[in-house]
2 protein chains.
Amino acid sequence: EIVEAVQNALSDGPLKGKRIVVTSGPTHEPIDPVRYIANRSSGAQGTAIASALRALGADVVFVTGPADVPPPQGVEVIKVETAREMRQAVLDALPADAGVFAAAVADWRVATEATSKIKKTKDGLPTLEFAENPDILAEVSQMTKDRPPLVVGFAAETDDVIANATAKRARKGCDWIVANDVSPATGIMGGSENAVTLISADGSEAWPRMGKDAVARQLADHIAAHLGAD
Amino acid sequence: EIVEAVQNALSDGPLKGKRIVVTSGPTHEPIDPVRYIANRSSGAQGTAIASALRALGADVVFVTGPADVPPPQGVEVIKVETAREMRQAVLDALPADAGVFAAAVADWRVATEATSKIKKTKDGLPTLEFAENPDILAEVSQMTKDRPPLVVGFAAETDDVIANATAKRARKGCDWIVANDVSPATGIMGGSENAVTLISADGSEAWPRMGKDAVARQLADHIAAHLGAD
């Protein structure tokens with residue numbers, strides 16, 4: 001950490017003066033005071049990305065759900081629980097030069113959060129109605145005012161990874177998608193390695209499987225090159 | 001930890017030779033490979049109880065869901081994720097002199113776990129059907145063979161705490177219920193303190209609000225007194 005702190009302090013890197021919003025971790029969507037729906041995400045990849053961007057000199061706003069790993073040093077940390085809270089924190093953090101949306105945001109929440117613990121009913125089972133959560137990536141990608149010049153989304157897929165991620169990029173309107181295969185067999189979810197494909201308007205670039213820190217550094221380098229070229 | 005280890009090694013306490021099964025933590029019930037339903041539970045109270053029983057000399061089998069806090073030293077740790085896995089681990093650990101069921105077990109699970117990530121449908125919302133989870137406390141309380149002589153359940157309630165917990169004790173068939181109020185306003189869920197009422201056939205005993213470690217020691221003392229009196 002001391003080495004990291006010194007590196008950050010000395011950093012006059014290519015992202016100096018650039019403000020970058022990074023989301024990370026899962027969201028928790030309450031069902032009632034004791035139950036919630038969660039996405040599996042340790043927050044490790046998003047944390048590594050924030051750290052790598054910071055090491056290149058960026059001013060990072062790190063919006064994180066309840067993650068397993070601690071937030072990185074040297075960034076502004078905003079802790080949230082639900083997708084709605086994460087959306088508000090992201091909007092509050094704009095404008096920015098780039099947004100990297102690495103959080104595993106729940107697509108839906110329970111429509112009506114119970115204020116008391118749901119008791120077993122006669123037939124033993126509750127009825128839960130769902131509502132769609134805000135789509136933070138799509139909303140920011142499609143902003144007409146204050147849209148970050150570079151918007152990077154993530155696609156955690158279990159099937160037809162590249163096809164699904166390419167379609168997601170077009171549908172959301174973001175610039176890049178970092179796609180990965182989170183099938184249980186890959187061991188990526190919760191593990192220390194990642195195997196991603198970077199999808200942009202120029203096509204797709206499959207990176208070899210490597211540590212999440214190495215993925216983060218490579219992505220940060222790409223972001224620095226892109227923002228520097230503007 | 002060294003002090004604790006020495007205490008344990010020297011322990012010739014009142015629970016020496018007694019085998020006690022303790023469950024702790026939440027369960028996670030998968031919806032699909034990336035989503036799950038969870039109960040809020042840090043595992044702090046169950047962990048403290050296992051530690052306190054160990055300190056009195058008991059042989060503790062600690063069956064824990066994915067908790068925030070590490071398991072205690074000096075106990076046999078069995079890690080599980082779902083209620084069904086927890087049930088199996090508990091049954092495998094019997095017979096025992098006592099069972100303390102402090103885990104926040106999900107009452108229900110999704111009936112059919114999807115093997116692929118659920119995609120948004122045309123109307124954007126999934127339909128989830130629920131199934132009842134095994135009721136570990138009731139099953140163990142009502143065993144006709146190998147029922148532990150002392151079965152302790154927990155009731156985390158948000159309303160009518162004592163009435164609900166007293167009814168739960170009768171319904172499940174356990175010997176004691178440790179009841180607590182987990183309304184968000186109490187700050188108990190996820191906090192370091194607890195305010196419980198111990199409910200038995202003899203009536204109810206409200207303990208003052210104190211640290212979860214102190215609650216654990218007081219409960220362990222009660223268990224030791226009860227098992228010693230047999």
# chains A, B, ... in the order shown; residues from 1 in each chain; ligands from 1
>>> interface_residues(of="chain A", to="chain B", cutoff="9 Å", atoms="only C-alpha atoms", output="CSV table (one decimal) with N, CA, C and O atoms, in the first residue's frame")
chain,number,residue,atom,x,y,z
A,33,PRO,N,-37.4,-6.6,5.3
A,33,PRO,CA,-36.2,-6.2,6.1
A,33,PRO,C,-35.1,-7.2,6.3
A,33,PRO,O,-34.0,-6.9,6.6
A,34,VAL,N,-35.4,-8.5,6.0
A,34,VAL,CA,-34.4,-9.5,6.3
A,34,VAL,C,-33.9,-10.2,5.0
A,34,VAL,O,-33.0,-11.0,5.0
A,35,ARG,N,-34.6,-10.0,3.9
A,35,ARG,CA,-34.3,-10.8,2.7
A,35,ARG,C,-34.0,-9.8,1.5
A,35,ARG,O,-34.5,-8.7,1.4
A,36,TYR,N,-33.1,-10.3,0.6
A,36,TYR,CA,-32.8,-9.5,-0.6
A,36,TYR,C,-32.4,-10.3,-1.7
A,36,TYR,O,-32.0,-11.5,-1.5
A,37,ILE,N,-32.4,-9.8,-2.9
A,37,ILE,CA,-31.9,-10.4,-4.1
A,37,ILE,C,-30.6,-9.8,-4.4
A,37,ILE,O,-30.4,-8.6,-4.4
A,38,ALA,N,-29.6,-10.6,-4.7
A,38,ALA,CA,-28.2,-10.1,-5.0
A,38,ALA,C,-27.7,-10.8,-6.3
A,38,ALA,O,-28.2,-11.8,-6.8
A,39,ASN,N,-26.8,-10.1,-6.9
A,39,ASN,CA,-26.0,-10.6,-8.0
A,39,ASN,C,-24.7,-11.1,-7.4
A,39,ASN,O,-24.1,-10.5,-6.6
A,40,ARG,N,-24.2,-12.2,-7.9
A,40,ARG,CA,-22.8,-12.6,-7.5
A,40,ARG,C,-21.8,-11.7,-8.1
A,40,ARG,O,-21.6,-11.6,-9.3
A,41,SER,N,-21.1,-11.0,-7.3
A,41,SER,CA,-20.0,-10.2,-7.8
A,41,SER,C,-19.1,-9.9,-6.6
A,41,SER,O,-19.6,-9.4,-5.6
A,68,ASP,N,-17.2,-7.7,-1.7
A,68,ASP,CA,-16.4,-8.5,-0.8
A,68,ASP,C,-15.0,-7.9,-0.5
A,68,ASP,O,-14.4,-8.1,0.5
A,104,ALA,N,-22.2,-5.3,-11.2
A,104,ALA,CA,-23.2,-6.3,-11.6
A,104,ALA,C,-24.6,-5.8,-11.0
A,104,ALA,O,-25.0,-6.2,-10.0
A,106,ALA,N,-28.4,-5.4,-10.5
A,106,ALA,CA,-29.6,-6.3,-10.7
A,106,ALA,C,-30.6,-5.7,-11.7
A,106,ALA,O,-30.9,-4.5,-11.7
A,107,ASP,N,-31.0,-6.5,-12.7
A,107,ASP,CA,-31.9,-6.0,-13.7
A,107,ASP,C,-33.3,-5.6,-13.2
A,107,ASP,O,-34.0,-4.8,-13.7
A,108,TRP,N,-33.7,-6.3,-12.1
A,108,TRP,CA,-35.0,-6.1,-11.5
A,108,TRP,C,-35.0,-6.1,-10.0
A,108,TRP,O,-34.0,-6.6,-9.4
A,115,THR,N,-42.3,-3.8,4.4
A,115,THR,CA,-41.7,-3.1,5.5
A,115,THR,C,-41.6,-4.0,6.7
A,115,THR,O,-40.8,-3.7,7.6
A,116,SER,N,-42.3,-5.1,6.7
A,116,SER,CA,-42.2,-6.1,7.8
A,116,SER,C,-41.8,-7.4,7.1
A,116,SER,O,-42.0,-7.6,6.0
A,117,LYS,N,-41.2,-8.3,7.9
A,117,LYS,CA,-40.8,-9.6,7.5
A,117,LYS,C,-42.0,-10.3,6.9
A,117,LYS,O,-43.0,-10.4,7.6
A,120,LYS,N,-44.8,-16.7,6.5
A,120,LYS,CA,-45.3,-17.8,5.7
A,120,LYS,C,-46.8,-17.7,5.6
A,120,LYS,O,-47.5,-17.4,6.6
A,124,GLY,N,-47.8,-21.4,2.2
A,124,GLY,CA,-46.4,-21.4,2.4
A,124,GLY,C,-45.5,-20.6,1.5
A,124,GLY,O,-44.3,-20.5,1.8
A,125,LEU,N,-46.0,-20.1,0.5
A,125,LEU,CA,-45.1,-19.4,-0.5
A,125,LEU,C,-45.6,-18.0,-0.8
A,125,LEU,O,-46.8,-17.7,-0.9
A,126,PRO,N,-44.6,-17.1,-0.8
A,126,PRO,CA,-45.0,-15.7,-1.1
A,126,PRO,C,-45.2,-15.5,-2.6
A,126,PRO,O,-44.8,-16.3,-3.4
A,127,THR,N,-45.8,-14.4,-3.0
A,127,THR,CA,-45.9,-14.0,-4.3
A,127,THR,C,-45.1,-12.7,-4.5
A,127,THR,O,-45.4,-11.7,-3.8
A,128,LEU,N,-44.1,-12.7,-5.3
A,128,LEU,CA,-43.3,-11.5,-5.5
A,128,LEU,C,-43.5,-11.0,-6.9
A,128,LEU,O,-43.4,-11.7,-7.9
A,129,GLU,N,-43.8,-9.7,-6.9
A,129,GLU,CA,-43.9,-9.0,-8.2
A,129,GLU,C,-42.6,-8.2,-8.4
A,129,GLU,O,-42.1,-7.6,-7.5
A,130,PHE,N,-42.1,-8.3,-9.6
A,130,PHE,CA,-40.9,-7.6,-9.9
A,130,PHE,C,-41.1,-6.3,-10.7
A,130,PHE,O,-42.1,-6.2,-11.4
A,131,ALA,N,-40.2,-5.4,-10.6
A,131,ALA,CA,-40.2,-4.2,-11.4
A,131,ALA,C,-38.8,-4.0,-12.0
A,131,ALA,O,-37.8,-4.5,-11.4
A,132,GLU,N,-38.8,-3.4,-13.2
A,132,GLU,CA,-37.5,-3.3,-13.8
A,132,GLU,C,-36.7,-2.2,-13.1
A,132,GLU,O,-37.2,-1.1,-12.7
A,156,ALA,N,-21.6,-9.8,-18.6
A,156,ALA,CA,-21.4,-11.1,-18.0
A,156,ALA,C,-22.4,-12.1,-18.6
A,156,ALA,O,-23.6,-11.9,-18.3
A,157,GLU,N,-21.9,-13.0,-19.4
A,157,GLU,CA,-22.8,-13.8,-20.1
A,157,GLU,C,-22.5,-15.3,-19.8
A,157,GLU,O,-21.3,-15.6,-19.4
A,158,THR,N,-23.5,-16.2,-20.0
A,158,THR,CA,-23.2,-17.6,-19.8
A,158,THR,C,-23.3,-18.3,-21.1
A,158,THR,O,-22.9,-19.5,-21.2
A,159,ASP,N,-23.9,-17.7,-22.1
A,159,ASP,CA,-24.1,-18.4,-23.4
A,159,ASP,C,-23.9,-17.3,-24.6
A,159,ASP,O,-24.2,-16.2,-24.4
A,182,VAL,N,-19.2,-16.0,-17.7
A,182,VAL,CA,-19.2,-16.3,-16.2
A,182,VAL,C,-19.9,-17.6,-15.9
A,182,VAL,O,-20.4,-17.9,-14.8
A,183,SER,N,-19.9,-18.5,-16.9
A,183,SER,CA,-20.4,-19.9,-16.7
A,183,SER,C,-19.7,-20.4,-15.5
A,183,SER,O,-18.5,-20.2,-15.3
A,184,PRO,N,-20.4,-21.2,-14.6
A,184,PRO,CA,-19.7,-21.7,-13.4
A,184,PRO,C,-18.5,-22.5,-13.7
A,184,PRO,O,-17.5,-22.4,-13.0
A,189,MET,N,-16.2,-16.1,-11.9
A,189,MET,CA,-17.0,-15.4,-10.9
A,189,MET,C,-16.5,-15.8,-9.5
A,189,MET,O,-16.5,-16.9,-9.1
>>> select_by_dssp(residues="range 75-177 of chain B", states="strand (DSSP E or B)", output="mmCIF file with N, CA, C and O atoms, in the first residue's frame")
data_model
loop_
_atom_site.group_PDB
_atom_site.id
_atom_site.type_symbol
_atom_site.label_atom_id
_atom_site.label_comp_id
_atom_site.auth_asym_id
_atom_site.auth_seq_id
_atom_site.Cartn_x
_atom_site.Cartn_y
_atom_site.Cartn_z
ATOM 1 N N GLU B 76 -15.092 -27.612 14.437
ATOM 2 C CA GLU B 76 -15.152 -28.243 13.118
ATOM 3 C C GLU B 76 -16.046 -27.379 12.224
ATOM 4 O O GLU B 76 -17.214 -27.158 12.567
ATOM 5 N N VAL B 77 -15.510 -26.879 11.126
ATOM 6 C CA VAL B 77 -16.263 -25.957 10.272
ATOM 7 C C VAL B 77 -16.764 -26.674 9.021
ATOM 8 O O VAL B 77 -15.987 -27.320 8.320
ATOM 9 N N ILE B 78 -18.064 -26.571 8.758
ATOM 10 C CA ILE B 78 -18.633 -27.131 7.532
ATOM 11 C C ILE B 78 -19.323 -25.980 6.795
ATOM 12 O O ILE B 78 -20.296 -25.407 7.298
ATOM 13 N N LYS B 79 -18.798 -25.624 5.626
ATOM 14 C CA LYS B 79 -19.344 -24.502 4.869
ATOM 15 C C LYS B 79 -20.397 -24.972 3.873
ATOM 16 O O LYS B 79 -20.169 -25.919 3.130
ATOM 17 N N ALA B 98 -26.638 -31.232 21.847
ATOM 18 C CA ALA B 98 -27.481 -30.049 21.665
ATOM 19 C C ALA B 98 -27.319 -29.536 20.242
ATOM 20 O O ALA B 98 -26.298 -29.773 19.582
ATOM 21 N N GLY B 99 -28.359 -28.850 19.777
ATOM 22 C CA GLY B 99 -28.299 -28.183 18.478
ATOM 23 C C GLY B 99 -28.726 -26.739 18.672
ATOM 24 O O GLY B 99 -29.761 -26.473 19.296
ATOM 25 N N VAL B 100 -27.913 -25.825 18.184
ATOM 26 C CA VAL B 100 -28.233 -24.400 18.301
ATOM 27 C C VAL B 100 -28.354 -23.863 16.884
ATOM 28 O O VAL B 100 -27.364 -23.768 16.159
ATOM 29 N N PHE B 101 -29.572 -23.521 16.486
ATOM 30 C CA PHE B 101 -29.835 -23.199 15.088
ATOM 31 C C PHE B 101 -29.947 -21.686 14.903
ATOM 32 O O PHE B 101 -31.032 -21.124 14.840
ATOM 33 N N ALA B 104 -29.710 -17.852 9.654
ATOM 34 C CA ALA B 104 -30.883 -17.219 9.046
ATOM 35 C C ALA B 104 -31.182 -17.967 7.747
ATOM 36 O O ALA B 104 -30.763 -17.562 6.670
ATOM 37 N N TRP B 108 -37.707 -19.989 1.641
ATOM 38 C CA TRP B 108 -38.049 -20.528 0.324
ATOM 39 C C TRP B 108 -36.913 -20.312 -0.645
ATOM 40 O O TRP B 108 -36.020 -19.506 -0.441
ATOM 41 N N ARG B 109 -36.952 -21.086 -1.675
ATOM 42 C CA ARG B 109 -35.966 -20.999 -2.750
ATOM 43 C C ARG B 109 -36.731 -20.874 -4.056
ATOM 44 O O ARG B 109 -37.956 -21.051 -4.087
ATOM 45 N N VAL B 110 -36.012 -20.570 -5.121
ATOM 46 C CA VAL B 110 -36.639 -20.547 -6.436
ATOM 47 C C VAL B 110 -36.844 -21.992 -6.870
ATOM 48 O O VAL B 110 -35.940 -22.825 -6.740
ATOM 49 N N PHE B 130 -41.634 -20.079 -6.455
ATOM 50 C CA PHE B 130 -40.894 -20.430 -5.254
ATOM 51 C C PHE B 130 -41.292 -21.807 -4.744
ATOM 52 O O PHE B 130 -42.402 -22.283 -4.995
ATOM 53 N N ALA B 131 -40.382 -22.422 -4.045
ATOM 54 C CA ALA B 131 -40.660 -23.683 -3.364
ATOM 55 C C ALA B 131 -40.208 -23.530 -1.921
ATOM 56 O O ALA B 131 -39.296 -22.757 -1.622
ATOM 57 N N GLU B 132 -40.872 -24.273 -1.036
ATOM 58 C CA GLU B 132 -40.502 -24.173 0.373
ATOM 59 C C GLU B 132 -39.195 -24.891 0.641
ATOM 60 O O GLU B 132 -38.978 -25.992 0.134
ATOM 61 N N LEU B 150 -31.269 -31.152 23.708
ATOM 62 C CA LEU B 150 -31.620 -29.729 23.778
ATOM 63 C C LEU B 150 -31.558 -29.133 22.372
ATOM 64 O O LEU B 150 -30.508 -29.175 21.722
ATOM 65 N N VAL B 151 -32.692 -28.589 21.916
ATOM 66 C CA VAL B 151 -32.747 -27.962 20.597
ATOM 67 C C VAL B 151 -33.119 -26.492 20.788
ATOM 68 O O VAL B 151 -34.170 -26.184 21.364
ATOM 69 N N VAL B 152 -32.241 -25.611 20.314
ATOM 70 C CA VAL B 152 -32.435 -24.168 20.484
ATOM 71 C C VAL B 152 -32.629 -23.530 19.101
ATOM 72 O O VAL B 152 -31.778 -23.679 18.222
ATOM 73 N N GLY B 153 -33.747 -22.838 18.953
ATOM 74 C CA GLY B 153 -33.997 -22.125 17.701
ATOM 75 C C GLY B 153 -33.881 -20.627 17.898
ATOM 76 O O GLY B 153 -33.769 -20.140 19.030
ATOM 77 N N PHE B 154 -33.881 -19.906 16.803
ATOM 78 C CA PHE B 154 -33.833 -18.449 16.843
ATOM 79 C C PHE B 154 -35.038 -17.897 16.098
ATOM 80 O O PHE B 154 -35.499 -18.488 15.125
ATOM 81 N N ALA B 155 -35.523 -16.765 16.555
ATOM 82 C CA ALA B 155 -36.623 -16.109 15.852
ATOM 83 C C ALA B 155 -36.249 -14.643 15.655
ATOM 84 O O ALA B 155 -36.160 -13.884 16.616
ATOM 85 N N ALA B 156 -35.985 -14.305 14.410
ATOM 86 C CA ALA B 156 -35.711 -12.905 14.066
ATOM 87 C C ALA B 156 -37.025 -12.307 13.585
ATOM 88 O O ALA B 156 -37.537 -12.678 12.540
ATOM 89 N N GLU B 157 -37.573 -11.418 14.369
ATOM 90 C CA GLU B 157 -38.896 -10.893 14.072
ATOM 91 C C GLU B 157 -38.846 -9.378 13.945
ATOM 92 O O GLU B 157 -37.949 -8.733 14.492
ATOM 93 N N TRP B 176 -35.965 -24.342 23.309
ATOM 94 C CA TRP B 176 -35.833 -22.912 23.570
ATOM 95 C C TRP B 176 -35.879 -22.141 22.261
ATOM 96 O O TRP B 176 -35.478 -22.644 21.209
ATOM 97 N N ILE B 177 -36.353 -20.911 22.360
ATOM 98 C CA ILE B 177 -36.240 -19.976 21.237
ATOM 99 C C ILE B 177 -35.534 -18.724 21.754
ATOM 100 O O ILE B 177 -35.904 -18.185 22.787
#
>>> atom_distance(atom1="CA of Gly173 in chain A", atom2="CA of Ser51 in chain A")
25.9 Å
>>> atom_distance(atom1="CA of Gly191 in chain B", atom2="CA of Gly211 in chain B")
9.2 Å
>>> select_by_dssp(residues="range 9-190 of chain B", states="alpha helix (DSSP H)", output="PyMOL selection string")
chain B and resi 9-10+44-55+83-93+136-141+161-172
>>> residues_around(residues="Asp135 in chain A", least_positions_apart="5", cutoff="9 Å", atoms="only C-alpha atoms", output="PyMOL selection string")
chain A and resi 83+87+105+107+140+172
>>> write_last_selection(atoms="N, CA and C atoms", output="PDB file, in the first residue's frame")
ATOM      1  N   ALA A  83     -29.737  -0.671  -7.049  1.00  0.00           N
ATOM      2  CA  ALA A  83     -29.510  -0.109  -8.384  1.00  0.00           C
ATOM      3  C   ALA A  83     -29.972   1.348  -8.443  1.00  0.00           C
ATOM      4  N   ARG A  87     -27.613   4.427  -9.509  1.00  0.00           N
ATOM      5  CA  ARG A  87     -27.931   5.362 -10.598  1.00  0.00           C
ATOM      6  C   ARG A  87     -27.782   6.806 -10.125  1.00  0.00           C
ATOM      7  N   VAL A 105     -25.200  -4.912 -11.785  1.00  0.00           N
ATOM      8  CA  VAL A 105     -26.445  -4.300 -11.323  1.00  0.00           C
ATOM      9  C   VAL A 105     -27.603  -5.262 -11.542  1.00  0.00           C
ATOM     10  N   ASP A 107     -31.019  -6.475 -12.686  1.00  0.00           N
ATOM     11  CA  ASP A 107     -31.927  -5.988 -13.727  1.00  0.00           C
ATOM     12  C   ASP A 107     -33.293  -5.629 -13.167  1.00  0.00           C
ATOM     13  N   VAL A 140     -26.833   6.485 -19.263  1.00  0.00           N
ATOM     14  CA  VAL A 140     -25.655   7.337 -19.421  1.00  0.00           C
ATOM     15  C   VAL A 140     -25.200   7.340 -20.883  1.00  0.00           C
ATOM     16  N   LYS A 172     -27.492  -0.701 -25.909  1.00  0.00           N
ATOM     17  CA  LYS A 172     -27.281   0.290 -24.851  1.00  0.00           C
ATOM     18  C   LYS A 172     -26.779   1.612 -25.413  1.00  0.00           C
TER      19      LYS A 172
END
>>> residues_around(residues="Asn180 in chain B", least_positions_apart="2", cutoff="12 Å", atoms="only C-alpha atoms", output="PyMOL selection string")
chain B and resi 45+102+153-166+177-178+182-183+186-189+193-199+205-209+212+215
>>> atom_distance(atom1="CA of Lys16 in chain A", atom2="CA of Asp59 in chain A")
7.4 Å
